[in-house]
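Visitor: Got a structure for you, run05.txt, holding compact mmCIF, C-alpha atoms.
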```
# COMPACT_ATOMS: atom_id res chain seq x y z
CA LEU A 326 19.96 302.40 92.26
CA LEU A 327 17.59 303.54 95.00
CA LYS A 328 15.31 300.67 94.09
CA GLN A 329 18.24 298.31 94.32
CA GLN A 330 19.02 299.60 97.79
CA VAL A 331 15.44 299.25 98.90
CA LEU A 332 15.20 295.76 97.46
CA LYS A 333 18.48 294.76 99.05
CA GLY A 334 17.31 296.22 102.35
CA THR A 335 13.97 294.51 102.12
CA PHE A 336 15.65 291.22 101.33
CA LEU A 337 17.87 291.71 104.37
CA THR A 338 14.93 292.63 106.56
CA LEU A 339 12.87 289.69 105.42
CA LEU A 340 15.82 287.40 105.92
CA LEU A 341 16.29 288.65 109.46
CA ALA A 342 12.58 288.56 110.14
CA GLY A 343 12.46 285.02 108.91
CA VAL A 344 15.44 283.88 110.90
CA SER A 345 14.92 285.67 114.17
CA GLY A 346 11.70 287.63 114.02
CA MET A 347 13.47 290.56 115.64
CA HIS A 348 12.99 293.14 112.89
CA ALA A 349 9.60 292.02 111.69
CA GLN A 350 8.07 295.46 112.22
CA THR A 351 10.22 296.92 109.44
CA ALA A 352 9.36 294.42 106.74
CA THR A 353 7.73 297.09 104.60
CA ALA A 354 10.88 299.19 104.09
CA PHE A 355 14.50 299.36 105.08
CA ASP A 356 16.01 302.68 106.09
CA HIS A 357 19.75 302.50 105.59
CA SER A 358 20.23 305.34 108.08
CA ASP A 359 18.67 303.20 110.80
CA PRO A 360 20.21 299.74 110.91
CA HIS A 361 18.57 298.97 114.28
CA PRO A 362 14.89 299.97 113.94
CA GLY A 363 13.17 300.76 117.22
CA LYS A 364 16.37 300.48 119.22
CA GLU A 365 16.58 302.46 122.47
CA TYR A 366 19.81 304.44 122.25
CA ALA A 367 19.41 306.07 125.69
CA LYS A 368 20.85 303.78 128.35
CA PHE A 369 20.26 304.20 132.07
CA ASN A 370 22.24 302.69 134.95
CA ASN A 371 20.76 301.01 138.01
CA VAL A 372 20.21 304.30 139.87
CA GLY A 373 18.37 305.75 136.89
CA ASP A 374 21.13 308.04 135.65
CA LEU A 375 21.72 308.41 131.94
CA VAL A 376 24.86 306.60 130.82
CA ARG A 377 27.12 308.85 128.78
CA PRO A 378 26.46 308.20 125.08
CA THR A 379 29.57 307.14 123.19
CA ASP A 380 28.76 306.74 119.51
CA TYR A 381 26.64 309.84 118.91
CA ARG A 382 29.00 311.21 116.23
CA GLU A 383 27.67 308.40 114.06
CA TRP A 384 24.05 309.36 114.66
CA ILE A 385 22.14 311.83 112.50
CA PHE A 386 23.35 315.42 112.55
CA VAL A 387 20.53 317.81 113.38
CA GLY A 388 22.34 321.14 113.14
CA ALA A 389 25.02 323.36 114.60
CA GLN A 390 25.02 326.85 115.99
CA VAL A 391 27.72 328.94 117.57
CA THR A 392 27.41 331.18 120.63
CA PRO A 393 30.97 332.47 120.73
CA ASN A 394 32.68 333.74 123.86
CA ASP A 395 33.39 337.04 122.11
CA MET A 396 29.69 337.67 121.46
CA ASN A 397 28.63 336.77 125.01
CA ASP A 398 30.99 338.68 127.30
CA GLY A 399 33.16 335.58 127.54
CA LYS A 400 30.41 333.53 129.18
CA PRO A 401 27.91 331.94 126.80
CA ALA A 402 25.38 329.57 128.37
CA PHE A 403 27.01 326.80 126.29
CA PRO A 404 30.49 327.40 124.87
CA GLU A 405 30.80 327.79 121.87
CA PHE A 406 29.84 325.59 118.88
CA HIS A 407 26.96 323.18 119.52
CA ASN A 408 26.90 320.12 117.25
CA VAL A 409 23.53 318.46 117.74
CA TYR A 410 22.68 314.82 116.93
CA ILE A 411 19.56 312.62 117.16
CA ASP A 412 19.68 308.85 117.47
CA PRO A 413 19.00 306.98 114.21
CA ALA A 414 15.85 305.14 115.31
CA SER A 415 14.21 308.36 116.52
CA TRP A 416 15.30 310.12 113.32
CA ALA A 417 13.58 307.42 111.26
CA HIS A 418 10.46 307.85 113.39
CA TYR A 419 10.56 311.64 113.08
CA LYS A 420 10.97 311.47 109.31
CA LYS A 421 7.95 309.25 109.03
CA ASN A 422 5.65 310.71 111.68
CA GLY A 423 6.89 314.23 112.31
CA VAL A 424 7.07 313.81 116.08
CA PHE A 425 9.74 312.91 118.60
CA ARG A 426 9.00 309.39 119.83
CA SER A 427 9.24 308.30 123.44
CA GLY A 428 12.84 307.09 123.60
CA THR A 429 14.34 309.96 121.59
CA ILE A 430 17.81 311.01 122.68
CA ILE A 431 19.40 314.19 121.40
CA VAL A 432 23.05 314.94 122.15
CA LYS A 433 24.65 318.38 122.01
CA GLU A 434 28.43 318.26 121.70
CA LEU A 435 30.23 321.48 122.51
CA ALA A 436 33.37 322.61 120.71
CA SER A 437 35.53 325.68 121.09
CA VAL A 438 36.08 328.30 118.41
CA GLY A 439 39.48 327.38 117.03
CA THR A 440 39.94 330.33 114.70
CA LYS A 441 37.98 333.23 113.25
CA GLY A 442 39.53 333.16 109.81
CA SER A 443 40.41 330.59 107.17
CA ALA A 444 40.82 330.34 103.43
CA SER A 445 37.04 330.55 102.99
CA GLY A 446 36.76 333.88 104.80
CA ASN A 447 36.07 335.43 108.17
CA GLY A 448 33.83 333.57 110.55
CA TYR A 449 33.87 330.93 113.22
CA PHE A 450 35.64 327.60 112.80
CA GLN A 451 35.64 324.69 115.25
CA GLY A 452 38.59 323.96 117.53
CA GLU A 453 38.47 321.29 120.25
CA PHE A 454 35.67 319.37 121.94
CA LEU A 455 34.49 320.71 125.30
CA GLY A 456 31.95 318.11 126.47
CA ILE A 457 28.41 317.00 125.90
CA ALA A 458 24.87 317.47 127.14
CA ALA A 459 21.86 315.34 126.30
CA THR A 460 18.09 315.26 126.49
CA VAL A 461 15.83 312.21 126.50
CA LYS A 462 12.08 312.02 125.96
CA ASP A 463 10.51 309.09 127.76
CA LYS A 464 6.81 308.96 128.55
CA LYS A 465 7.17 306.40 131.33
CA ARG A 466 10.53 307.25 132.87
CA PHE A 467 9.93 311.00 132.75
CA ALA A 468 6.15 311.03 133.12
CA ASP A 469 6.39 314.05 135.46
CA LYS A 470 8.79 316.09 133.35
CA PRO A 471 7.58 318.82 130.95
CA ASN A 472 6.56 317.06 127.72
CA ASN A 473 8.42 314.01 129.13
CA TRP A 474 11.86 315.45 128.33
CA ALA A 475 14.72 315.25 130.86
CA TYR A 476 18.06 317.08 130.51
CA PHE A 477 21.54 315.89 131.43
CA GLY A 478 24.91 317.57 131.66
CA PHE A 479 28.13 315.57 131.38
CA ASP A 480 31.49 317.06 132.20
CA ASP A 481 33.94 314.19 132.41
CA LYS A 482 31.29 312.03 134.04
CA SER A 483 30.33 308.59 132.77
CA SER A 484 26.70 309.09 133.86
CA ALA A 485 24.44 311.96 134.87
CA ALA A 486 21.23 312.53 136.81
CA ALA A 487 18.39 314.53 135.29
CA GLN A 488 18.67 318.27 135.85
CA ARG A 489 16.07 320.24 137.79
CA ASP A 490 13.31 321.53 135.56
CA ASP A 491 14.34 325.14 136.10
CA ALA A 492 17.86 324.44 134.80
CA CYS A 493 17.02 323.51 131.21
CA ALA A 494 13.42 322.51 130.67
CA ALA A 495 11.92 325.89 131.48
CA CYS A 496 13.91 327.66 128.78
CA HIS A 497 13.27 324.93 126.20
CA LYS A 498 9.56 324.98 126.95
CA ALA A 499 9.36 328.74 126.67
CA ASN A 500 11.47 329.23 123.55
CA ALA A 501 11.68 326.10 121.40
CA ALA A 502 9.48 325.87 118.34
CA GLU A 503 8.40 322.24 118.57
CA ASP A 504 8.02 319.91 121.54
CA MET A 505 10.85 321.66 123.41
CA VAL A 506 13.29 321.21 120.50
CA PHE A 507 14.63 324.33 118.77
CA THR A 508 13.55 323.25 115.30
CA GLN A 509 13.52 326.93 114.29
CA HIS A 510 17.33 326.59 114.11
CA TYR A 511 17.39 323.14 112.48
CA PRO A 512 16.59 323.09 108.76
CA VAL A 513 17.55 319.39 108.71
CA LEU A 514 14.56 318.56 110.93
CA ARG A 515 12.17 320.92 109.17
CA ALA A 516 13.06 319.45 105.76
CA ALA A 517 12.70 315.87 107.00
CA LYS A 518 9.27 316.62 108.46
CA ALA A 519 8.11 318.36 105.29
CA ALA A 520 9.32 315.44 103.14
CA GLY A 521 7.51 312.99 105.40
CA LYS A 522 4.26 314.93 105.14
CA ALA A 523 4.54 315.06 101.34
CA LYS A 524 4.56 311.25 101.08
CA LEU B 383 25.98 296.29 125.30
CA LEU B 384 28.69 297.22 122.82
CA LYS B 385 29.65 293.57 122.69
CA GLN B 386 26.05 292.66 122.01
CA GLN B 387 25.95 295.09 119.11
CA VAL B 388 29.18 293.76 117.70
CA LEU B 389 28.03 290.17 118.07
CA LYS B 390 24.69 290.95 116.48
CA GLY B 391 26.46 292.75 113.67
CA THR B 392 28.91 289.94 113.14
CA PHE B 393 26.09 287.44 113.07
CA LEU B 394 24.33 289.53 110.46
CA THR B 395 27.48 289.91 108.42
CA LEU B 396 28.26 286.22 108.54
CA LEU B 397 24.70 285.42 107.63
CA LEU B 398 24.87 287.68 104.61
CA ALA B 399 28.31 286.46 103.67
CA GLY B 400 27.07 282.90 103.85
CA VAL B 401 23.95 283.55 101.84
CA SER B 402 25.22 285.87 99.16
CA GLY B 403 28.93 286.38 99.60
CA MET B 404 28.43 290.09 99.01
CA HIS B 405 29.74 291.38 102.32
CA ALA B 406 32.42 288.78 102.85
CA GLN B 407 35.16 291.38 103.22
CA THR B 408 33.61 292.61 106.46
CA ALA B 409 33.32 289.31 108.23
CA THR B 410 35.75 290.38 110.95
CA ALA B 411 33.66 293.29 112.27
CA PHE B 412 30.43 295.11 111.63
CA ASP B 413 30.33 298.89 111.86
CA HIS B 414 26.76 299.96 112.52
CA SER B 415 27.53 303.39 111.08
CA ASP B 416 28.34 301.76 107.74
CA PRO B 417 25.62 299.34 106.69
CA HIS B 418 27.07 299.05 103.16
CA PRO B 419 30.81 298.45 103.57
CA GLY B 420 32.92 299.46 100.59
CA LYS B 421 29.96 301.03 98.80
CA GLU B 422 30.72 303.80 96.30
CA TYR B 423 28.45 306.67 97.31
CA ALA B 424 29.64 308.98 94.49
CA LYS B 425 27.62 308.31 91.36
CA PHE B 426 28.53 309.57 87.90
CA ASN B 427 26.31 309.82 84.83
CA ASN B 428 27.21 308.70 81.31
CA VAL B 429 29.07 311.93 80.50
CA GLY B 430 31.15 311.63 83.66
CA ASP B 431 29.38 314.30 85.70
CA LEU B 432 28.75 313.77 89.38
CA VAL B 433 25.11 313.01 90.09
CA ARG B 434 23.73 315.22 92.83
CA PRO B 435 23.89 313.32 96.13
CA THR B 436 20.52 312.96 97.80
CA ASP B 437 20.89 311.22 101.13
CA TYR B 438 23.97 312.97 102.50
CA ARG B 439 22.14 314.28 105.60
CA GLU B 440 22.17 310.66 106.77
CA TRP B 441 25.91 310.31 106.25
CA ILE B 442 28.48 311.12 108.94
CA PHE B 443 28.71 314.74 110.04
CA VAL B 444 32.26 316.04 109.80
CA GLY B 445 31.81 319.57 111.13
CA ALA B 446 30.25 322.97 110.55
CA GLN B 447 31.66 326.44 110.27
CA VAL B 448 30.03 329.76 109.56
CA THR B 449 31.34 332.53 107.29
CA PRO B 450 28.52 335.01 107.80
CA ASN B 451 27.60 337.70 105.31
CA ASP B 452 28.08 340.34 107.98
CA MET B 453 31.71 339.32 108.57
CA ASN B 454 32.56 339.20 104.85
CA ASP B 455 31.23 342.46 103.39
CA GLY B 456 28.08 340.60 102.36
CA LYS B 457 29.94 338.25 100.02
CA PRO B 458 31.54 335.22 101.66
CA ALA B 459 33.07 332.64 99.31
CA PHE B 460 30.41 330.22 100.56
CA PRO B 461 27.33 331.60 102.30
CA GLU B 462 27.00 331.18 105.30
CA PHE B 463 26.89 328.00 107.42
CA HIS B 464 28.69 325.00 105.91
CA ASN B 465 27.46 321.61 107.16
CA VAL B 466 29.98 319.02 106.01
CA TYR B 467 29.36 315.27 105.65
CA ILE B 468 31.44 312.25 104.59
CA ASP B 469 29.94 309.07 103.16
CA PRO B 470 29.68 306.19 105.68
CA ALA B 471 31.97 303.73 103.89
CA SER B 472 34.76 306.29 103.61
CA TRP B 473 34.22 307.29 107.24
CA ALA B 474 34.68 303.68 108.29
CA HIS B 475 37.86 303.52 106.21
CA TYR B 476 39.17 306.80 107.64
CA LYS B 477 38.50 305.68 111.21
CA LYS B 478 40.46 302.50 110.63
CA ASN B 479 43.28 303.71 108.40
CA GLY B 480 43.48 307.48 108.94
CA VAL B 481 43.37 308.29 105.23
CA PHE B 482 40.72 309.24 102.71
CA ARG B 483 40.16 306.24 100.44
CA SER B 484 39.75 306.46 96.70
CA GLY B 485 35.98 306.78 96.41
CA THR B 486 35.54 309.26 99.25
CA ILE B 487 32.79 311.82 98.74
CA ILE B 488 32.43 314.83 101.01
CA VAL B 489 29.38 317.09 100.73
CA LYS B 490 29.18 320.65 101.99
CA GLU B 491 25.63 321.87 102.47
CA LEU B 492 25.21 325.62 102.77
CA ALA B 493 22.61 327.25 105.01
CA SER B 494 21.79 330.86 105.69
CA VAL B 495 22.10 332.56 109.05
CA GLY B 496 18.52 332.62 110.30
CA THR B 497 19.07 334.68 113.43
CA LYS B 498 21.88 336.07 115.56
CA GLY B 499 20.21 335.57 118.89
CA SER B 500 18.29 332.86 120.70
CA ALA B 501 17.60 331.66 124.23
CA SER B 502 21.15 330.31 124.46
CA GLY B 503 22.76 333.65 123.72
CA ASN B 504 24.16 335.76 120.93
CA GLY B 505 25.69 334.01 117.98
CA TYR B 506 24.83 332.51 114.64
CA PHE B 507 21.91 330.12 114.15
CA GLN B 508 20.96 328.30 110.96
CA GLY B 509 18.11 329.45 108.73
CA GLU B 510 17.38 327.86 105.35
CA PHE B 511 19.35 325.63 102.99
CA LEU B 512 21.15 327.37 100.12
CA GLY B 513 22.58 324.48 98.09
CA ILE B 514 25.43 322.00 98.09
CA ALA B 515 28.95 321.47 96.83
CA ALA B 516 30.89 318.22 96.82
CA THR B 517 34.35 316.79 96.39
CA VAL B 518 35.29 313.27 95.33
CA LYS B 519 38.66 311.54 95.58
CA ASP B 520 39.13 308.90 92.89
CA LYS B 521 42.56 307.65 91.88
CA LYS B 522 41.43 306.37 88.49
CA ARG B 523 38.73 308.82 87.48
CA PHE B 524 40.68 311.86 88.68
CA ALA B 525 44.20 310.59 88.09
CA ASP B 526 45.26 314.01 86.78
CA LYS B 527 43.67 316.08 89.55
CA PRO B 528 45.66 317.30 92.58
CA ASN B 529 45.76 314.41 95.06
CA ASN B 530 42.98 312.87 92.93
CA TRP B 531 40.29 315.17 94.32
CA ALA B 532 37.72 316.83 92.04
CA TYR B 533 35.30 319.56 93.10
CA PHE B 534 31.69 320.10 92.08
CA GLY B 535 29.20 322.92 92.55
CA PHE B 536 25.46 322.29 92.43
CA ASP B 537 22.97 325.08 92.30
CA ASP B 538 19.64 323.56 91.36
CA LYS B 539 21.38 321.15 89.01
CA SER B 540 20.91 317.39 89.13
CA SER B 541 24.52 316.79 88.05
CA ALA B 542 27.73 318.77 87.79
CA ALA B 543 31.04 318.63 85.93
CA ALA B 544 34.32 318.89 87.80
CA GLN B 545 35.50 322.44 88.40
CA ARG B 546 38.76 323.76 86.98
CA ASP B 547 41.67 323.20 89.35
CA ASP B 548 42.10 326.91 89.97
CA ALA B 549 38.50 327.23 91.19
CA CYS B 550 38.69 325.04 94.29
CA ALA B 551 41.63 322.65 94.30
CA ALA B 552 44.33 325.30 94.44
CA CYS B 553 42.99 326.78 97.65
CA HIS B 554 42.40 323.40 99.26
CA LYS B 555 45.90 322.27 98.34
CA ALA B 556 47.48 325.41 99.73
CA ASN B 557 45.52 325.69 102.97
CA ALA B 558 44.03 322.39 104.09
CA ALA B 559 45.80 320.45 106.82
CA GLU B 560 45.45 316.93 105.45
CA ASP B 561 45.11 315.64 101.90
CA MET B 562 43.24 318.78 100.80
CA VAL B 563 40.65 318.42 103.60
CA PHE B 564 40.47 321.15 106.26
CA THR B 565 40.88 318.77 109.18
CA GLN B 566 42.21 321.67 111.23
CA HIS B 567 38.56 322.76 111.52
CA TYR B 568 37.11 319.26 112.05
CA PRO B 569 37.62 317.81 115.53
CA VAL B 570 35.34 314.92 114.53
CA LEU B 571 37.91 313.72 111.99
CA ARG B 572 40.91 314.37 114.24
CA ALA B 573 39.33 312.40 117.08
CA ALA B 574 38.40 309.50 114.82
CA LYS B 575 41.93 309.29 113.45
CA ALA B 576 43.48 309.44 116.93
CA ALA B 577 41.15 306.70 118.17
CA GLY B 578 42.02 304.54 115.17
CA LYS B 579 45.74 304.93 115.82
CA ALA B 580 45.30 304.04 119.48
CA LYS B 581 43.83 300.66 118.59
```
Before we go any further, please render this structure as structure tokens.

Guide:
Amino acid sequence: LLKQQVLKGTFLTLLLAGVSGMHAQTATAFDHSDPHPGKEYAKFNNVGDLVRPTDYREWIFVGAQVTPNDMNDGKPAFPEFHNVYIDPASWAHYKKNGVFRSGTIIVKELASVGTKGSASGNGYFQGEFLGIAATVKDKKRFADKPNNWAYFGFDDKSSAAAQRDDACAACHKANAAEDMVFTQHYPVLRAAKAAGKAK
Amino acid sequence: LLKQQVLKGTFLTLLLAGVSGMHAQTATAFDHSDPHPGKEYAKFNNVGDLVRPTDYREWIFVGAQVTPNDMNDGKPAFPEFHNVYIDPASWAHYKKNGVFRSGTIIVKELASVGTKGSASGNGYFQGEFLGIAATVKDKKRFADKPNNWAYFGFDDKSSAAAQRDDACAACHKANAAEDMVFTQHYPVLRAAKAAGKAK
């Protein structure tokens, strides 16, 4: 079946390449998780602010952690669950090359703790969405930022300017395991990188 | 931009429909999260066991909860983080119709708690993968199962038989908010359903 998928994808890619030339760079393989290879998912408006991403729940899930109010004196840095996503084109690149490409956008969606108990036991279970934050790596646009990553907070805003380096970047640079991303908490990324290296 | 994506997708769909007829049912719209509309992601072997899903980390993330060892006397029903995914075709159907189609497969991947503290505060952060479980709704194959859902546990196995109803189904039927799925803990599903209704 996998072969069928690959063949079908390759057929599709070749067809598109033949008709429009637009996906020619992917003629060797089709990744069904990435229907728009090389696409830039981070969009900026005419004053250079990041436009609020809208379809990130259909990107690739990176991982989730919870910093509950009740374990942080009611005031965690980011309340409470963090659902983290990477755009599909950058995921495909990371799987293959093990690095975050220029153009990577990672979105962190925050959700409240809805309950601390359910049929499966005691713990933390998600309640309601609380907003999003995002980070974008761009070698040209953010040439002066640490490792070319910029950080953005959205409350109800439709766009956001990059945060000062001391707001987010400093902590990511000091504590994250890999290129300012906390891969130490993301087995999804570690497994993808290991699988890519094994090929 | 959204319009561009939709137009590009429609063009692609029409092109495929014209060439092969295989995606003709989607000619009205293309959902970039679902490159294989109507596809059956649950695969069964010749004795009727569910074949272990392999690419579920590239499906749609439904939600994550944590039932940590240290909140469950060391023995939670499912250790410890649960990362839950739905297949893309069934996600597209759920978004549009607000119900789980026959053919839906949902995978729960378990991960350990790696640490209880990080730069973002105190809490629970993912460690290493511990295995997967899955559930499939199929009106024909599981005509005799509660709401046509069957449940499967995979340790290191490459396939699994359906569990007895008293192992999983009974608890899901008694406690889950919607068609034996715990949507009360999944804002992603609730939001998708609400958006679908609003259209």

Visitor: With all atoms listed in the file as the atoms that count, which of B:Ala424, B:Leu571, B:Val481, B:Ala501 lies nearest to chain A?

Guide: B:Ala501

Visitor: Check the smallest atom-to-atom distance from each of B:Ala542, B:Leu512, B:Val570, B:Ala493 to B:Lys425 using all atoms listed in the file, then report the winner.

Guide: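 For B:Lys425, the nearest of the given residues is B:Ala542.
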
Visitor: Set the distance at 7 Å and use only C-alpha atoms: which residues neighbour stretch 575-579 of chain B once local chain neighbours fewer than 2 positions away are removed? I'd like the list as a ChimeraX atom specification.

Guide: /B:476-480,571-573,581

Visitor: Have a look at atom CA of B:His418 and atom CA of B:Trp531 and let me know their distance in Å, one decimal.

Guide: 22.6 Å

Visitor: Pick the closest to chain A from B:Gly420, B:Gly503, B:Gly430, B:Gly535: which is it, counting all atoms listed in the file?

Guide: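 For chain A, the nearest of the candidates is B:Gly503.
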
Visitor: Taking N, CA and C atoms as the atom set, what does stretch 425-446 of chain A look like once completed, written as an mmCIF file, keeping the file's coordinate frame?

Guide:
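File written: result_7.cif
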```cif
data_model
loop_
_atom_site.group_PDB
_atom_site.id
_atom_site.type_symbol
_atom_site.label_atom_id
_atom_site.label_comp_id
_atom_site.auth_asym_id
_atom_site.auth_seq_id
_atom_site.Cartn_x
_atom_site.Cartn_y
_atom_site.Cartn_z
ATOM 1 N N PHE A 425 8.659 313.561 117.867
ATOM 2 C CA PHE A 425 9.740 312.910 118.600
ATOM 3 C C PHE A 425 9.146 311.770 119.435
ATOM 4 N N ARG A 426 9.555 310.557 119.138
ATOM 5 C CA ARG A 426 9.000 309.390 119.830
ATOM 6 C C ARG A 426 9.476 309.344 121.281
ATOM 7 N N SER A 427 8.736 308.645 122.118
ATOM 8 C CA SER A 427 9.240 308.300 123.440
ATOM 9 C C SER A 427 10.457 307.419 123.227
ATOM 10 N N GLY A 428 11.580 307.797 123.828
ATOM 11 C CA GLY A 428 12.840 307.090 123.600
ATOM 12 C C GLY A 428 13.849 307.920 122.824
ATOM 13 N N THR A 429 13.412 309.079 122.324
ATOM 14 C CA THR A 429 14.340 309.960 121.590
ATOM 15 C C THR A 429 15.460 310.432 122.502
ATOM 16 N N ILE A 430 16.683 310.359 122.007
ATOM 17 C CA ILE A 430 17.810 311.010 122.680
ATOM 18 C C ILE A 430 18.490 311.952 121.701
ATOM 19 N N ILE A 431 18.715 313.160 122.177
ATOM 20 C CA ILE A 431 19.400 314.190 121.400
ATOM 21 C C ILE A 431 20.648 314.594 122.182
ATOM 22 N N VAL A 432 21.784 314.582 121.513
ATOM 23 C CA VAL A 432 23.050 314.940 122.150
ATOM 24 C C VAL A 432 23.563 316.246 121.546
ATOM 25 N N LYS A 433 24.019 317.122 122.429
ATOM 26 C CA LYS A 433 24.650 318.380 122.010
ATOM 27 C C LYS A 433 26.108 318.313 122.392
ATOM 28 N N GLU A 434 26.988 318.265 121.395
ATOM 29 C CA GLU A 434 28.430 318.260 121.700
ATOM 30 C C GLU A 434 28.961 319.679 121.530
ATOM 31 N N LEU A 435 29.682 320.130 122.531
ATOM 32 C CA LEU A 435 30.230 321.480 122.510
ATOM 33 C C LEU A 435 31.660 321.463 122.000
ATOM 34 N N ALA A 436 32.007 322.482 121.223
ATOM 35 C CA ALA A 436 33.370 322.610 120.710
ATOM 36 C C ALA A 436 33.770 324.077 120.765
ATOM 37 N N SER A 437 35.026 324.313 121.033
ATOM 38 C CA SER A 437 35.530 325.680 121.090
ATOM 39 C C SER A 437 35.594 326.292 119.697
ATOM 40 N N VAL A 438 35.702 327.620 119.646
ATOM 41 C CA VAL A 438 36.080 328.300 118.410
ATOM 42 C C VAL A 438 37.596 328.181 118.293
ATOM 43 N N GLY A 439 38.046 327.565 117.210
ATOM 44 C CA GLY A 439 39.480 327.380 117.030
ATOM 45 C C GLY A 439 40.130 328.590 116.370
ATOM 46 N N THR A 440 39.407 329.172 115.420
ATOM 47 C CA THR A 440 39.940 330.330 114.700
ATOM 48 C C THR A 440 38.767 331.116 114.125
ATOM 49 N N LYS A 441 39.013 332.374 113.840
ATOM 50 C CA LYS A 441 37.980 333.230 113.250
ATOM 51 C C LYS A 441 38.278 333.586 111.793
ATOM 52 N N GLY A 442 39.251 332.919 111.217
ATOM 53 C CA GLY A 442 39.530 333.160 109.810
ATOM 54 C C GLY A 442 40.162 331.942 109.184
ATOM 55 N N SER A 443 39.804 331.686 107.917
ATOM 56 C CA SER A 443 40.410 330.590 107.170
ATOM 57 C C SER A 443 40.385 330.974 105.702
ATOM 58 N N ALA A 444 40.781 330.038 104.855
ATOM 59 C CA ALA A 444 40.820 330.340 103.430
ATOM 60 C C ALA A 444 39.456 330.748 102.889
ATOM 61 N N SER A 445 38.385 330.258 103.498
ATOM 62 C CA SER A 445 37.040 330.550 102.990
ATOM 63 C C SER A 445 36.491 331.875 103.498
ATOM 64 N N GLY A 446 37.222 332.564 104.374
ATOM 65 C CA GLY A 446 36.760 333.880 104.800
ATOM 66 C C GLY A 446 36.808 334.066 106.307
#
```
